[in-house]
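Shown next: data_7.cif, containing mmCIF, C-alpha atoms and all ligand atoms.
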data_upload
loop_
_atom_site.group_PDB
_atom_site.id
_atom_site.type_symbol
_atom_site.label_atom_id
_atom_site.label_comp_id
_atom_site.auth_asym_id
_atom_site.auth_seq_id
_atom_site.Cartn_x
_atom_site.Cartn_y
_atom_site.Cartn_z
ATOM 1 C CA VAL A 24 116.743 106.738 128.941
ATOM 2 C CA ALA A 25 113.083 106.665 127.851
ATOM 3 C CA ALA A 26 112.040 103.716 125.704
ATOM 4 C CA LYS A 27 111.654 104.619 122.026
ATOM 5 C CA PRO A 28 108.112 104.469 120.630
ATOM 6 C CA VAL A 29 107.477 101.723 118.046
ATOM 7 C CA ALA A 30 104.562 101.011 115.689
ATOM 8 C CA ILE A 31 103.948 97.522 114.306
ATOM 9 C CA LEU A 32 102.371 97.316 110.850
ATOM 10 C CA GLY A 33 100.804 93.882 110.385
ATOM 11 C CA VAL A 34 100.402 93.456 114.132
ATOM 12 C CA SER A 35 97.747 90.732 114.024
ATOM 13 C CA GLY A 36 99.891 88.395 111.903
ATOM 14 C CA ARG A 37 102.317 85.645 112.937
ATOM 15 C CA MET A 38 105.305 88.019 112.956
ATOM 16 C CA GLY A 39 103.321 90.922 114.413
ATOM 17 C CA GLN A 40 102.302 88.838 117.428
ATOM 18 C CA SER A 41 105.821 87.508 117.872
ATOM 19 C CA LEU A 42 107.065 91.133 117.969
ATOM 20 C CA VAL A 43 104.381 92.154 120.485
ATOM 21 C CA ARG A 44 105.490 89.322 122.811
ATOM 22 C CA MET A 45 109.166 90.208 122.346
ATOM 23 C CA LEU A 46 108.473 93.885 123.167
ATOM 24 C CA GLU A 47 106.882 92.923 126.468
ATOM 25 C CA GLY A 48 109.296 94.019 129.205
ATOM 26 C CA ASN A 49 111.712 95.552 126.659
ATOM 27 C CA GLN A 50 113.373 98.562 128.289
ATOM 28 C CA GLN A 51 114.531 100.251 125.090
ATOM 29 C CA LEU A 52 111.481 100.018 122.834
ATOM 30 C CA THR A 53 107.797 100.419 123.629
ATOM 31 C CA LEU A 54 104.720 99.731 121.512
ATOM 32 C CA ILE A 55 102.564 102.791 120.779
ATOM 33 C CA GLY A 56 100.836 101.959 117.473
ATOM 34 C CA ALA A 57 99.359 98.832 115.892
ATOM 35 C CA LEU A 58 98.049 98.417 112.341
ATOM 36 C CA ALA A 59 96.190 95.592 110.608
ATOM 37 C CA SER A 60 94.371 95.512 107.259
ATOM 38 C CA PRO A 61 91.036 97.307 106.759
ATOM 39 C CA GLN A 62 89.409 93.829 106.497
ATOM 40 C CA SER A 63 90.972 92.585 109.718
ATOM 41 C CA SER A 64 88.770 90.767 112.198
ATOM 42 C CA HIS A 65 90.977 92.198 114.983
ATOM 43 C CA LEU A 66 90.250 95.933 114.584
ATOM 44 C CA GLY A 67 89.627 97.541 117.979
ATOM 45 C CA HIS A 68 91.219 94.587 119.850
ATOM 46 C CA ASP A 69 94.299 94.922 122.037
ATOM 47 C CA ALA A 70 97.553 94.561 120.043
ATOM 48 C CA ALA A 71 98.391 91.502 122.160
ATOM 49 C CA LEU A 72 95.786 89.051 120.879
ATOM 50 C CA GLU A 73 96.801 86.715 123.728
ATOM 51 C CA GLY A 74 98.523 87.235 127.055
ATOM 52 C CA THR A 75 99.194 90.502 128.881
ATOM 53 C CA PRO A 76 97.356 93.423 127.213
ATOM 54 C CA THR A 77 99.468 96.259 125.774
ATOM 55 C CA ARG A 78 96.692 98.899 126.022
ATOM 56 C CA VAL A 79 97.401 99.737 122.376
ATOM 57 C CA SER A 80 94.464 98.931 120.174
ATOM 58 C CA ILE A 81 94.614 97.653 116.606
ATOM 59 C CA GLY A 82 93.510 100.085 113.906
ATOM 60 C CA ALA A 83 93.354 100.182 110.114
ATOM 61 C CA ASP A 84 94.445 103.829 109.700
ATOM 62 C CA ALA A 85 98.198 103.859 109.012
ATOM 63 C CA LEU A 86 98.607 107.591 109.701
ATOM 64 C CA GLN A 87 96.990 107.191 113.094
ATOM 65 C CA ALA A 88 98.920 104.017 113.982
ATOM 66 C CA LEU A 89 102.225 105.679 113.077
ATOM 67 C CA GLN A 90 101.571 108.989 114.823
ATOM 68 C CA GLY A 91 104.170 109.521 117.574
ATOM 69 C CA ALA A 92 106.346 106.518 116.632
ATOM 70 C CA GLU A 93 110.086 106.874 116.041
ATOM 71 C CA VAL A 94 110.460 103.535 114.302
ATOM 72 C CA ALA A 95 107.983 101.372 112.365
ATOM 73 C CA LEU A 96 108.264 97.603 111.952
ATOM 74 C CA ASP A 97 106.471 96.543 108.776
ATOM 75 C CA PHE A 98 105.534 92.844 108.615
ATOM 76 C CA SER A 99 102.299 93.304 106.681
ATOM 77 C CA SER A 100 101.603 92.796 103.010
ATOM 78 C CA ALA A 101 103.804 93.713 100.033
ATOM 79 C CA ALA A 102 100.895 95.658 98.522
ATOM 80 C CA ALA A 103 100.756 97.983 101.542
ATOM 81 C CA VAL A 104 104.484 98.767 101.826
ATOM 82 C CA ALA A 105 104.609 101.704 99.373
ATOM 83 C CA SER A 106 101.914 103.637 101.229
ATOM 84 C CA HIS A 107 103.539 102.877 104.618
ATOM 85 C CA ALA A 108 106.859 104.194 103.237
ATOM 86 C CA LYS A 109 105.271 107.486 102.132
ATOM 87 C CA ILE A 110 103.680 108.089 105.515
ATOM 88 C CA CYS A 111 106.875 107.215 107.401
ATOM 89 C CA ALA A 112 108.832 109.666 105.223
ATOM 90 C CA GLU A 113 106.290 112.424 105.890
ATOM 91 C CA LEU A 114 106.300 111.807 109.640
ATOM 92 C CA LYS A 115 110.109 111.200 109.760
ATOM 93 C CA ILE A 116 109.796 107.709 111.213
ATOM 94 C CA ALA A 117 112.592 105.171 110.643
ATOM 95 C CA LEU A 118 111.215 102.158 108.761
ATOM 96 C CA LEU A 119 112.223 98.498 109.015
ATOM 97 C CA VAL A 120 110.607 96.507 106.211
ATOM 98 C CA GLY A 121 110.445 92.817 107.076
ATOM 99 C CA THR A 122 107.626 92.242 104.577
ATOM 100 C CA THR A 123 108.793 90.166 101.611
ATOM 101 C CA GLY A 124 107.705 89.776 97.999
ATOM 102 C CA LEU A 125 108.143 93.528 97.347
ATOM 103 C CA GLY A 126 107.362 94.563 93.771
ATOM 104 C CA PRO A 127 109.080 97.379 91.845
ATOM 105 C CA ALA A 128 106.554 99.994 93.067
ATOM 106 C CA ALA A 129 107.304 99.173 96.710
ATOM 107 C CA VAL A 130 111.064 99.203 96.121
ATOM 108 C CA ASP A 131 110.791 102.599 94.353
ATOM 109 C CA ALA A 132 108.696 104.034 97.191
ATOM 110 C CA LEU A 133 111.263 102.803 99.732
ATOM 111 C CA LYS A 134 114.103 104.396 97.760
ATOM 112 C CA GLN A 135 112.207 107.690 97.644
ATOM 113 C CA ALA A 136 111.435 107.552 101.352
ATOM 114 C CA SER A 137 115.104 106.874 102.086
ATOM 115 C CA SER A 138 116.027 110.452 101.188
ATOM 116 C CA ALA A 139 114.102 111.530 104.301
ATOM 117 C CA ILE A 140 114.400 108.558 106.693
ATOM 118 C CA PRO A 141 116.574 105.493 107.348
ATOM 119 C CA VAL A 142 114.979 102.438 105.678
ATOM 120 C CA LEU A 143 116.111 98.904 106.469
ATOM 121 C CA ILE A 144 115.054 96.315 103.880
ATOM 122 C CA ALA A 145 115.303 93.068 105.808
ATOM 123 C CA PRO A 146 113.591 90.068 104.190
ATOM 124 C CA ASN A 147 115.122 87.995 106.979
ATOM 125 C CA THR A 148 115.915 89.534 110.345
ATOM 126 C CA SER A 149 117.551 86.425 111.810
ATOM 127 C CA VAL A 150 121.176 86.884 112.818
ATOM 128 C CA GLY A 151 121.993 83.359 111.578
ATOM 129 C CA VAL A 152 120.654 84.099 108.096
ATOM 130 C CA SER A 153 122.779 87.251 107.873
ATOM 131 C CA VAL A 154 125.827 85.047 108.442
ATOM 132 C CA LEU A 155 124.490 82.478 105.941
ATOM 133 C CA LEU A 156 124.436 85.274 103.342
ATOM 134 C CA GLU A 157 128.068 86.126 104.050
ATOM 135 C CA LEU A 158 129.131 82.473 103.931
ATOM 136 C CA ALA A 159 127.261 81.910 100.658
ATOM 137 C CA ARG A 160 128.893 84.967 99.092
ATOM 138 C CA LEU A 161 132.344 83.801 100.206
ATOM 139 C CA ALA A 162 131.783 80.248 98.931
ATOM 140 C CA ALA A 163 130.509 81.492 95.555
ATOM 141 C CA ALA A 164 133.532 83.763 95.112
ATOM 142 C CA ARG A 165 136.061 81.082 96.150
ATOM 143 C CA LEU A 166 134.525 78.141 94.298
ATOM 144 C CA GLY A 167 134.016 79.997 91.021
ATOM 145 C CA GLY A 168 132.148 78.962 87.917
ATOM 146 C CA ASP A 169 133.015 75.222 88.030
ATOM 147 C CA PHE A 170 130.465 74.748 90.787
ATOM 148 C CA ASP A 171 126.750 74.688 90.018
ATOM 149 C CA ILE A 172 124.653 76.639 92.517
ATOM 150 C CA GLU A 173 121.144 75.672 93.599
ATOM 151 C CA ILE A 174 119.069 77.305 96.316
ATOM 152 C CA GLY A 175 116.388 75.420 98.201
ATOM 153 C CA GLU A 176 113.904 76.805 100.692
ATOM 154 C CA ALA A 177 111.036 75.402 102.778
ATOM 155 C CA HIS A 178 108.278 77.276 104.650
ATOM 156 C CA HIS A 179 104.840 76.756 106.195
ATOM 157 C CA LYS A 180 101.935 76.216 103.841
ATOM 158 C CA LEU A 181 100.352 79.664 104.331
ATOM 159 C CA LYS A 182 103.333 81.625 103.015
ATOM 160 C CA ARG A 183 102.275 83.823 100.100
ATOM 161 C CA ASP A 184 105.452 84.546 98.128
ATOM 162 C CA ALA A 185 107.769 82.003 96.485
ATOM 163 C CA PRO A 186 110.712 81.719 96.380
ATOM 164 C CA SER A 187 111.124 83.407 99.745
ATOM 165 C CA GLY A 188 112.677 86.874 100.026
ATOM 166 C CA THR A 189 115.642 85.226 101.727
ATOM 167 C CA ALA A 190 116.146 82.722 98.894
ATOM 168 C CA LEU A 191 116.164 85.627 96.420
ATOM 169 C CA ALA A 192 118.620 87.582 98.597
ATOM 170 C CA LEU A 193 120.877 84.500 98.675
ATOM 171 C CA GLY A 194 120.554 84.243 94.883
ATOM 172 C CA GLU A 195 121.549 87.884 94.467
ATOM 173 C CA ALA A 196 124.519 87.456 96.794
ATOM 174 C CA VAL A 197 125.949 84.395 95.018
ATOM 175 C CA ALA A 198 125.232 85.786 91.530
ATOM 176 C CA GLU A 199 127.039 89.026 92.359
ATOM 177 C CA ALA A 200 129.958 87.130 93.886
ATOM 178 C CA ARG A 201 130.359 85.311 90.544
ATOM 179 C CA GLY A 202 130.174 88.549 88.553
ATOM 180 C CA SER A 203 126.702 87.847 87.235
ATOM 181 C CA SER A 204 123.211 89.049 88.216
ATOM 182 C CA LEU A 205 120.265 87.113 89.552
ATOM 183 C CA LYS A 206 118.138 88.405 86.686
ATOM 184 C CA GLU A 207 120.457 86.704 84.186
ATOM 185 C CA ALA A 208 121.128 83.558 86.191
ATOM 186 C CA ALA A 209 117.871 82.625 87.956
ATOM 187 C CA VAL A 210 115.900 79.552 86.898
ATOM 188 C CA TYR A 211 112.590 79.266 88.760
ATOM 189 C CA GLU A 212 110.920 76.587 86.605
ATOM 190 C CA ARG A 213 113.124 73.897 85.166
ATOM 191 C CA GLY A 214 110.491 72.134 83.101
ATOM 192 C CA GLY A 215 112.709 69.204 82.131
ATOM 193 C CA ALA A 216 115.364 71.253 80.310
ATOM 194 C CA PRO A 217 119.017 70.408 81.065
ATOM 195 C CA ARG A 218 120.946 72.713 83.382
ATOM 196 C CA LYS A 219 122.185 75.897 81.732
ATOM 197 C CA GLU A 220 125.826 76.739 82.516
ATOM 198 C CA GLY A 221 126.080 79.484 85.162
ATOM 199 C CA SER A 222 122.406 79.322 86.108
ATOM 200 C CA ILE A 223 121.136 79.445 89.692
ATOM 201 C CA GLY A 224 118.175 77.137 90.237
ATOM 202 C CA PHE A 225 115.523 77.564 92.941
ATOM 203 C CA SER A 226 113.374 74.919 94.583
ATOM 204 C CA VAL A 227 110.490 75.626 96.932
ATOM 205 C CA THR A 228 108.746 73.492 99.560
ATOM 206 C CA ARG A 229 105.491 74.608 101.239
ATOM 207 C CA ALA A 230 104.338 72.269 103.975
ATOM 208 C CA GLY A 231 102.949 72.137 107.498
ATOM 209 C CA ASP A 232 104.168 74.747 109.957
ATOM 210 C CA LEU A 233 107.845 74.980 108.915
ATOM 211 C CA VAL A 234 109.230 78.298 110.163
ATOM 212 C CA GLY A 235 111.856 78.599 107.407
ATOM 213 C CA GLU A 236 114.790 76.662 105.985
ATOM 214 C CA HIS A 237 117.345 77.744 103.373
ATOM 215 C CA THR A 238 120.126 75.766 101.730
ATOM 216 C CA VAL A 239 122.697 76.950 99.217
ATOM 217 C CA LEU A 240 124.172 73.990 97.375
ATOM 218 C CA PHE A 241 127.461 74.191 95.454
ATOM 219 C CA ALA A 242 128.155 71.078 93.400
ATOM 220 C CA ALA A 243 130.987 70.140 91.038
ATOM 221 C CA ALA A 244 132.321 66.836 89.693
ATOM 222 C CA GLY A 245 133.173 64.737 92.750
ATOM 223 C CA GLU A 246 132.215 67.098 95.573
ATOM 224 C CA ARG A 247 129.480 69.251 96.969
ATOM 225 C CA LEU A 248 129.182 71.879 99.665
ATOM 226 C CA GLU A 249 125.867 72.714 101.326
ATOM 227 C CA ILE A 250 125.264 75.613 103.670
ATOM 228 C CA THR A 251 121.976 75.436 105.560
ATOM 229 C CA HIS A 252 120.090 77.593 108.032
ATOM 230 C CA ARG A 253 117.025 76.199 109.809
ATOM 231 C CA ALA A 254 114.706 78.412 111.822
ATOM 232 C CA THR A 255 112.688 76.489 114.388
ATOM 233 C CA ASP A 256 111.180 79.427 116.273
ATOM 234 C CA ARG A 257 109.738 82.643 114.816
ATOM 235 C CA ALA A 258 111.136 84.457 117.866
ATOM 236 C CA ILE A 259 114.537 84.664 116.116
ATOM 237 C CA PHE A 260 113.071 87.031 113.513
ATOM 238 C CA ALA A 261 111.437 89.188 116.171
ATOM 239 C CA ARG A 262 114.612 89.309 118.287
ATOM 240 C CA GLY A 263 116.712 90.305 115.264
ATOM 241 C CA ALA A 264 114.097 92.870 114.180
ATOM 242 C CA LEU A 265 114.182 94.639 117.558
ATOM 243 C CA LYS A 266 117.992 94.680 117.544
ATOM 244 C CA ALA A 267 117.873 96.127 114.007
ATOM 245 C CA ALA A 268 115.192 98.691 114.969
ATOM 246 C CA LEU A 269 117.407 100.065 117.738
ATOM 247 C CA TRP A 270 120.335 100.267 115.350
ATOM 248 C CA LEU A 271 118.181 101.974 112.694
ATOM 249 C CA LEU A 272 117.102 104.701 115.113
ATOM 250 C CA SER A 273 120.599 106.173 115.108
ATOM 251 C CA GLN A 274 121.215 105.979 111.346
ATOM 252 C CA ARG A 275 121.031 108.741 108.768
ATOM 253 C CA PRO A 276 118.477 108.630 105.940
ATOM 254 C CA GLY A 277 119.366 105.928 103.397
ATOM 255 C CA VAL A 278 118.700 102.305 102.478
ATOM 256 C CA TYR A 279 120.259 99.636 104.689
ATOM 257 C CA ARG A 280 120.435 95.816 104.847
ATOM 258 C CA MET A 281 120.785 93.377 107.742
ATOM 259 C CA GLN A 282 124.514 93.046 106.940
ATOM 260 C CA ASP A 283 124.881 96.736 107.830
ATOM 261 C CA VAL A 284 123.265 96.067 111.218
ATOM 262 C CA MET A 285 125.569 93.099 111.824
ATOM 263 C CA SER A 286 128.727 94.941 110.873
ATOM 264 C CA GLY A 287 128.118 98.098 112.780
HETATM 265 N N1 LIG B 1 111.883 89.626 107.808
HETATM 266 C C1 LIG B 1 111.723 88.429 108.355
HETATM 267 O O1 LIG B 1 112.593 87.903 109.044
HETATM 268 C C2 LIG B 1 110.410 87.729 108.155
HETATM 269 C C3 LIG B 1 110.098 86.589 108.901
HETATM 270 C C4 LIG B 1 108.842 86.004 108.706
HETATM 271 C C5 LIG B 1 107.941 86.570 107.798
HETATM 272 N N2 LIG B 1 108.310 87.664 107.078
HETATM 273 C C6 LIG B 1 107.388 88.358 106.163
HETATM 274 O O2 LIG B 1 106.563 89.225 106.926
HETATM 275 C C7 LIG B 1 105.285 89.333 106.284
HETATM 276 C C8 LIG B 1 104.190 88.927 107.279
HETATM 277 O O3 LIG B 1 104.347 87.559 107.575
HETATM 278 P P1 LIG B 1 103.357 86.792 108.561
HETATM 279 O O4 LIG B 1 103.729 85.361 108.494
HETATM 280 O O5 LIG B 1 103.321 87.493 109.877
HETATM 281 O O6 LIG B 1 101.973 87.027 107.766
HETATM 282 P P2 LIG B 1 100.491 87.043 108.319
HETATM 283 O O7 LIG B 1 100.371 86.164 109.509
HETATM 284 O O8 LIG B 1 99.622 86.790 107.126
HETATM 285 O O9 LIG B 1 100.279 88.563 108.815
HETATM 286 C C9 LIG B 1 100.113 89.627 107.941
HETATM 287 C C10 LIG B 1 99.687 90.836 108.744
HETATM 288 O O10 LIG B 1 99.609 91.980 107.877
HETATM 289 C C11 LIG B 1 98.308 92.560 108.025
HETATM 290 N N3 LIG B 1 97.947 93.170 106.755
HETATM 291 C C12 LIG B 1 97.580 92.564 105.586
HETATM 292 N N4 LIG B 1 97.318 93.491 104.648
HETATM 293 C C13 LIG B 1 97.545 94.702 105.227
HETATM 294 C C14 LIG B 1 97.417 96.045 104.788
HETATM 295 N N5 LIG B 1 97.017 96.331 103.541
HETATM 296 N N6 LIG B 1 97.727 97.047 105.653
HETATM 297 C C15 LIG B 1 98.101 96.765 106.922
HETATM 298 N N7 LIG B 1 98.220 95.517 107.410
HETATM 299 C C16 LIG B 1 97.947 94.496 106.565
HETATM 300 C C17 LIG B 1 97.398 91.427 108.448
HETATM 301 O O11 LIG B 1 96.237 91.914 109.093
HETATM 302 P P3 LIG B 1 94.831 91.056 109.144
HETATM 303 O O12 LIG B 1 95.134 89.681 108.652
HETATM 304 O O13 LIG B 1 94.424 91.067 110.601
HETATM 305 O O14 LIG B 1 93.902 91.751 108.268
HETATM 306 C C18 LIG B 1 98.329 90.726 109.431
HETATM 307 O O15 LIG B 1 98.412 91.470 110.638
HETATM 308 C C19 LIG B 1 105.350 88.441 105.041
HETATM 309 O O16 LIG B 1 105.714 89.234 103.931
HETATM 310 C C20 LIG B 1 106.453 87.447 105.386
HETATM 311 O O17 LIG B 1 107.079 86.894 104.248
HETATM 312 C C21 LIG B 1 109.512 88.252 107.249
#

Could you take the file, read its structure, and then write that structure out as structure tokens?
Ligand SMILES: NC(=O)c1ccc[n+]([C@@H]2O[C@H](COP(=O)([O-])OP(=O)(O)OC[C@H]3O[C@@H](n4cnc5c(N)ncnc54)[C@H](OP(=O)(O)O)[C@@H]3O)[C@@H](O)[C@H]2O)c1
Amino acid sequence: VAAKPVAILGVSGRMGQSLVRMLEGNQQLTLIGALASPQSSHLGHDAALEGTPTRVSIGADALQALQGAEVALDFSSAAAVASHAKICAELKIALLVGTTGLGPAAVDALKQASSAIPVLIAPNTSVGVSVLLELARLAAARLGGDFDIEIGEAHHKLKRDAPSGTALALGEAVAEARGSSLKEAAVYERGGAPRKEGSIGFSVTRAGDLVGEHTVLFAAAGERLEITHRATDRAIFARGALKAALWLLSQRPGVYRMQDVMSG
């Protein structure tokens, strides 16, 4: 079976390069397009900034980078996601969105695109984090309202969005499991006020080169339960993204999550 053609959007970034390395020698997926920003200092360079060349060069024209691809892996910038979604829908290219910090315009564009193509919104493509989400949901449902929930996350100091997309996804999961919504429950800045009943507090650490850590804390009088995932190597996200990309290629148009990949 011929390898399926893939385009990487945000190829010159940390995740983009991790994906390029992971694709090397992959029998099922092959890189055919590579996109960076119009301001990128890497335009015209090989998509592999180090190591074995891919013979795919980095461009700033999304239409050109996506031409001929069957699946696109977007790990670029939240501001660029809506336009990538439109082009993928026009060209009928499955789209995995790993980019986080998506605003309402990006989410709307992804929903629209999903009538034409399968779209996977995956703020965290690690297999371990998908299980963390399930465990957090289960714990929230079983422990009920007597337990206070707090979510902590830590990432490298260059990360742009805070809290992380994964922390927000965890917040949504536990809020839903308690019959509430993150919008109602989230507290991002505590500012010295006492804890509001039923709220879900977030704390954020940005330091050094941390790849990504998430903890969901459930605390009641006399006991506490903490569920933690620690990523120590960015390769886990790339590995999970390629697994998800293969899965996405055989899905119908619609919006999917990592849990869908894990369960089927
Ligand atoms: N889903 C997951 O598991 C996961 C894991 C880690 C990170 N992420 C997310 O993935 C995204 C990228 O993370 P990163 O750490 O790789 O960031 P990064 O190192 O800053 O890389 C960003 C990449 O996007 C490119 N880019 C920026 N603006 C663009 C535009 N308008 N059009 C096309 N390309 C553009 C950059 O190109 P130039 O800099 O060369 O111009 C660069 O290649 C972030 O949203 C991050 O939160 C997701």

| request: Considering only C-alpha atoms, return as a PyMOL selection string whatever protein or nucleic-acid residues lie within 6 Å of His68 (chain A), sequence-local ones (same chain, fewer than 2 positions apart) excluded. | output: chain A and resi 65-66+80-81

| Selection near Leu133 (chain A), 6 Å with all atoms listed in the file, sequence-local residues under 3 positions removed, as a ChimeraX atom specification | /A:108,130,136

Pull the closest atom pair for each residue of chain A that gets at most 6 Å from ligand LIG 1 (chain B), along with the distance in Å to one decimal, counting all atoms listed in the file, ordering rows by chain and then ascending residue number, as a tab-separated table.
residue	atom	partner	partner_atom	distance
A:Leu32	CA	B:LIG1	N7	5.7
A:Gly33	CA	B:LIG1	O10	3.4
A:Val34	CA	B:LIG1	O15	4.5
A:Ser35	CA	B:LIG1	O15	3.5
A:Gly36	CA	B:LIG1	O9	3.1
A:Arg37	CA	B:LIG1	O5	3.7
A:Met38	CA	B:LIG1	O5	3.7
A:Gly39	CA	B:LIG1	O5	5.7
A:Leu58	CA	B:LIG1	C15	5.7
A:Ala59	CA	B:LIG1	N7	3.8
A:Ser60	CA	B:LIG1	C16	3.8
A:Gln62	CA	B:LIG1	O14	5.3
A:Ser63	CA	B:LIG1	O14	3.4
A:Ser64	CA	B:LIG1	O13	5.9
A:His65	CA	B:LIG1	O13	5.7
A:Phe98	CA	B:LIG1	O2	4.1
A:Ser99	CA	B:LIG1	O10	3.2
A:Ser100	CA	B:LIG1	N4	4.6
A:Ala103	CA	B:LIG1	N5	4.6
A:Gly121	CA	B:LIG1	N1	3.6
A:Thr122	CA	B:LIG1	O16	3.6
A:Thr123	CA	B:LIG1	O16	4.0
A:Ala145	CA	B:LIG1	N1	5.2
A:Pro146	CA	B:LIG1	N1	4.0
A:Asn147	CA	B:LIG1	O1	3.3
A:Thr148	CA	B:LIG1	O1	3.9
A:Ser149	CA	B:LIG1	O1	5.9
A:Phe260	CA	B:LIG1	O1	4.6

| Residues within 12 Å of Arg201 (chain A), all atoms listed in the file, excluding chain neighbours under 3 positions, as a ChimeraX atom specification | /A:159-172,194-198,204-205,207-208,221-223

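Summary of the local environment: counting all atoms listed in the file, residues at most 8 Å from region 89-95 of chain A, other than itself and those fewer than 6 positions away along its chain, are A:Lys27, A:Pro28, A:Val29, A:Ala30, A:Ile31, A:Leu32, A:Ile55, A:Gly56, A:Ala57, A:Cys111, A:Leu114, A:Lys115, A:Ile116, A:Ala117, A:Leu118, A:Leu119, A:Ala268, A:Leu272.
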
| If we count only C-alpha atoms, what is near Arg44 (chain A) at a cut-off of 9 Å, once residues fewer than 4 positions away on the same chain are taken out, given as a PyMOL selection string? | chain A and resi 39-40+48+71+74-75+258+261

Applied to the shown file, which residues does the PyMOL selection byres (((chain A and resi 173) around 7) and not hetatm) return, written as an mmCIF file with C-alpha atoms, in the frame of the given file?
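Contents of out_25.cif, as written:
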data_model
loop_
_atom_site.group_PDB
_atom_site.id
_atom_site.type_symbol
_atom_site.label_atom_id
_atom_site.label_comp_id
_atom_site.auth_asym_id
_atom_site.auth_seq_id
_atom_site.Cartn_x
_atom_site.Cartn_y
_atom_site.Cartn_z
ATOM 1 C CA ASP A 171 126.750 74.688 90.018
ATOM 2 C CA ILE A 172 124.653 76.639 92.517
ATOM 3 C CA ILE A 174 119.069 77.305 96.316
ATOM 4 C CA GLY A 175 116.388 75.420 98.201
ATOM 5 C CA ILE A 223 121.136 79.445 89.692
ATOM 6 C CA GLY A 224 118.175 77.137 90.237
ATOM 7 C CA PHE A 225 115.523 77.564 92.941
ATOM 8 C CA VAL A 239 122.697 76.950 99.217
ATOM 9 C CA LEU A 240 124.172 73.990 97.375
ATOM 10 C CA PHE A 241 127.461 74.191 95.454
#

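Running the PyMOL selection byres (((chain A and resi 283) around 12) and not hetatm) on this file leaves A:Val142, A:Leu143, A:Ile144, A:Ala145, A:Thr148, A:Val150, A:Ser153, A:Val154, A:Glu157, A:Ala267, A:Trp270, A:Leu271, A:Gln274, A:Gly277, A:Val278, A:Tyr279, A:Arg280, A:Met281, A:Gln282, A:Val284, A:Met285, A:Ser286, A:Gly287 selected.
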
Please, could you write that set of residues out with C-alpha atoms as a PDB file, in the frame of the given file?
ATOM      1  CA  VAL A 142     114.979 102.438 105.678  1.00  0.00           C
ATOM      2  CA  LEU A 143     116.111  98.904 106.469  1.00  0.00           C
ATOM      3  CA  ILE A 144     115.054  96.315 103.880  1.00  0.00           C
ATOM      4  CA  ALA A 145     115.303  93.068 105.808  1.00  0.00           C
ATOM      5  CA  THR A 148     115.915  89.534 110.345  1.00  0.00           C
ATOM      6  CA  VAL A 150     121.176  86.884 112.818  1.00  0.00           C
ATOM      7  CA  SER A 153     122.779  87.251 107.873  1.00  0.00           C
ATOM      8  CA  VAL A 154     125.827  85.047 108.442  1.00  0.00           C
ATOM      9  CA  GLU A 157     128.068  86.126 104.050  1.00  0.00           C
ATOM     10  CA  ALA A 267     117.873  96.127 114.007  1.00  0.00           C
ATOM     11  CA  TRP A 270     120.335 100.267 115.350  1.00  0.00           C
ATOM     12  CA  LEU A 271     118.181 101.974 112.694  1.00  0.00           C
ATOM     13  CA  GLN A 274     121.215 105.979 111.346  1.00  0.00           C
ATOM     14  CA  GLY A 277     119.366 105.928 103.397  1.00  0.00           C
ATOM     15  CA  VAL A 278     118.700 102.305 102.478  1.00  0.00           C
ATOM     16  CA  TYR A 279     120.259  99.636 104.689  1.00  0.00           C
ATOM     17  CA  ARG A 280     120.435  95.816 104.847  1.00  0.00           C
ATOM     18  CA  MET A 281     120.785  93.377 107.742  1.00  0.00           C
ATOM     19  CA  GLN A 282     124.514  93.046 106.940  1.00  0.00           C
ATOM     20  CA  VAL A 284     123.265  96.067 111.218  1.00  0.00           C
ATOM     21  CA  MET A 285     125.569  93.099 111.824  1.00  0.00           C
ATOM     22  CA  SER A 286     128.727  94.941 110.873  1.00  0.00           C
ATOM     23  CA  GLY A 287     128.118  98.098 112.780  1.00  0.00           C
TER      24      GLY A 287
END

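Comparing the minimum interatomic distances between Ala101 (chain A) and each of A:Arg183, A:Arg247, A:Arg229, A:Arg253, counting only C-alpha atoms, we find that A:Arg183 sits nearest.
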
How big is the axis-aligned box around the listed atoms of region 226-234 of chain A once 3 Å is added on each side, and where is its centre? Give both in Å to one decimal, as lines of an AutoDock Vina configuration file.
center_x = 108.2
center_y = 75.2
center_z = 102.4
size_x = 16.4
size_y = 12.2
size_z = 21.6

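Across the model, the gap from CA of Ala242 (chain A) to CA of Gly151 (chain A) is 22.8 Å.
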
Would you kindly place N, CA, C and O atoms on region 161-165 of chain A and return the model as an mmCIF file, in the coordinates of the input?
data_model
loop_
_atom_site.group_PDB
_atom_site.id
_atom_site.type_symbol
_atom_site.label_atom_id
_atom_site.label_comp_id
_atom_site.auth_asym_id
_atom_site.auth_seq_id
_atom_site.Cartn_x
_atom_site.Cartn_y
_atom_site.Cartn_z
ATOM 1 N N LEU A 161 130.943 84.224 100.153
ATOM 2 C CA LEU A 161 132.344 83.801 100.206
ATOM 3 C C LEU A 161 132.539 82.512 99.402
ATOM 4 O O LEU A 161 133.461 82.411 98.580
ATOM 5 N N ALA A 162 131.646 81.533 99.624
ATOM 6 C CA ALA A 162 131.783 80.248 98.931
ATOM 7 C C ALA A 162 131.662 80.441 97.425
ATOM 8 O O ALA A 162 132.437 79.862 96.655
ATOM 9 N N ALA A 163 130.706 81.276 96.996
ATOM 10 C CA ALA A 163 130.509 81.492 95.555
ATOM 11 C C ALA A 163 131.758 82.112 94.940
ATOM 12 O O ALA A 163 132.196 81.717 93.848
ATOM 13 N N ALA A 164 132.347 83.082 95.641
ATOM 14 C CA ALA A 164 133.532 83.763 95.112
ATOM 15 C C ALA A 164 134.717 82.802 95.047
ATOM 16 O O ALA A 164 135.443 82.749 94.049
ATOM 17 N N ARG A 165 134.891 81.980 96.099
ATOM 18 C CA ARG A 165 136.061 81.082 96.150
ATOM 19 C C ARG A 165 135.924 79.903 95.197
ATOM 20 O O ARG A 165 136.901 79.458 94.604
#
